[in-house]
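Let me begin by presenting the structure, written as structure tokens, before commenting on it.
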Amino acid sequence: LSHVLGGFRFFPAFLLLGLLGYIVSRWRDFLVNSHTVQARLHDIGVAVGGSVIDSTCPKTRSNIFKLYRYLNVVHSKTYASVNPHVPQSDAGFLPQRLLTPEEVRLLANVPNKSRDMLITWIQVVVERMIRANQVRELAIDNSLFCGLRGITARHMDLFVRNMPNVWYAVCHVIVSYLVLLQALHVALQLDPKFVVNADTGELADDRKDVLCMNVFCVLIFSFMAASIYWIAESMVEVLIQPFKNAPDAYNSDALLCSTDRMLFTSLRATFDYADADVAGRSRFVRRRWANAVAKVTAAKGSD
């Protein structure tokens with residue numbers, strides 16, 4: 001049994017290490033993908049917000065607000081399956097004024113592709129703004145929208161790109177067998193016929209206390225040997241769901257809130273900048289006028 005157990009330990013260790021390595025890599029991939037989704041949304045916000053020609057135009061501001069709404073809905077839909085706090089349906093965005101009833105009706109025709117339709121609407125709005133001379137044409141690249149669609153789709157694909165189910169099943173069965181064999185191996189090493197008296201060196205007559213201690217050791221050592229594999233299995237169960245309640249879970253609320261603030265800031269950056277520029281010019285004109293008046297007054301006083 002010792003030879004069988006020694007050769008058998010390699011196989012479950014191999015399965016667990018391979019599975020654990022894949023799960024950790026998948027967990028990191030989710031983290032990188034979540035940040036990349038956020039970056040693609042930020043890119044669109046900066047590109048559009050920085051290319052506005054006339055920020056005082058009401059139609060321009062209306063279209064920018066429409067982009068703000070669509071981008072936030074796209075981001076929320078990306079995490080709808082793992083975050084119960086975001087709207088789980090298109091109608092849930094109505095109270096936040098992120099979608100209109102007409103837009104909800106149109107999205108209801110494509111329930112499985114509503115996120116892709118919203119990204120297409122974003123590109124349509126930008127193209128209309130370019131034709132209306134509301135934003136500079138060469139400042140916005142069409143690859144921004146394709147990149148956003150691709151990275152959000154990859155986020156959803158990561159949930160189904162997993163190890164085969166048979167791998168999990170075989171790994172669980174093999175580890176259970178290993179724990180059982182480990183306990184049997186230690187138990188079979190205990191032979192009551194060879195319990196020796198420590199003082200005389202002869203076979204002991206009363207073997208009860210020794211056997212009780214040996215049984216206790218069997219349980220403790222078996223548990224310690226099995227805990228190594230149980231800990232690895234527990235790590236797999238925790239990391240396989242990166243958005244569930246766990247110490248290493250991702251906080252999608254933080255990503256959603258950060259992106260919302262970023263889009264609000266970047267898309268309306270020229271609004272405040274234009275107001276500040278007008279105020280600065282007014283102060284400059286008033287300062288020049290005051291200087292001119294002071295010079296004229298001084299010249300009259302010298303005469």
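For the structure tokens, the naming scheme is as follows: chains receive sequential letters (A, B, ...) according to their order of presentation, residues are indexed from 1 within each chain, and ligands are indexed from 1 in presentation order.
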Those in segment 10-94 of chain A with helix (DSSP H, G or I) from DSSP, as a VMD selection string: chain A and resid 10 to 49 58 to 78 90 to 93
Counting only C-alpha atoms, the option among A:Leu144, A:Ala249, A:Val170, A:Val24 closest to Val82 of chain A: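 Once distances to Val82 of chain A are computed over only C-alpha atoms, the minimum belongs to A:Ala249.
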Pick from A:Lys244, A:Arg154, A:Arg115, A:His35 nearest to Ser76 of chain A, counting only C-alpha atoms: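 Under the stated criterion, the closest residue is A:Arg115.
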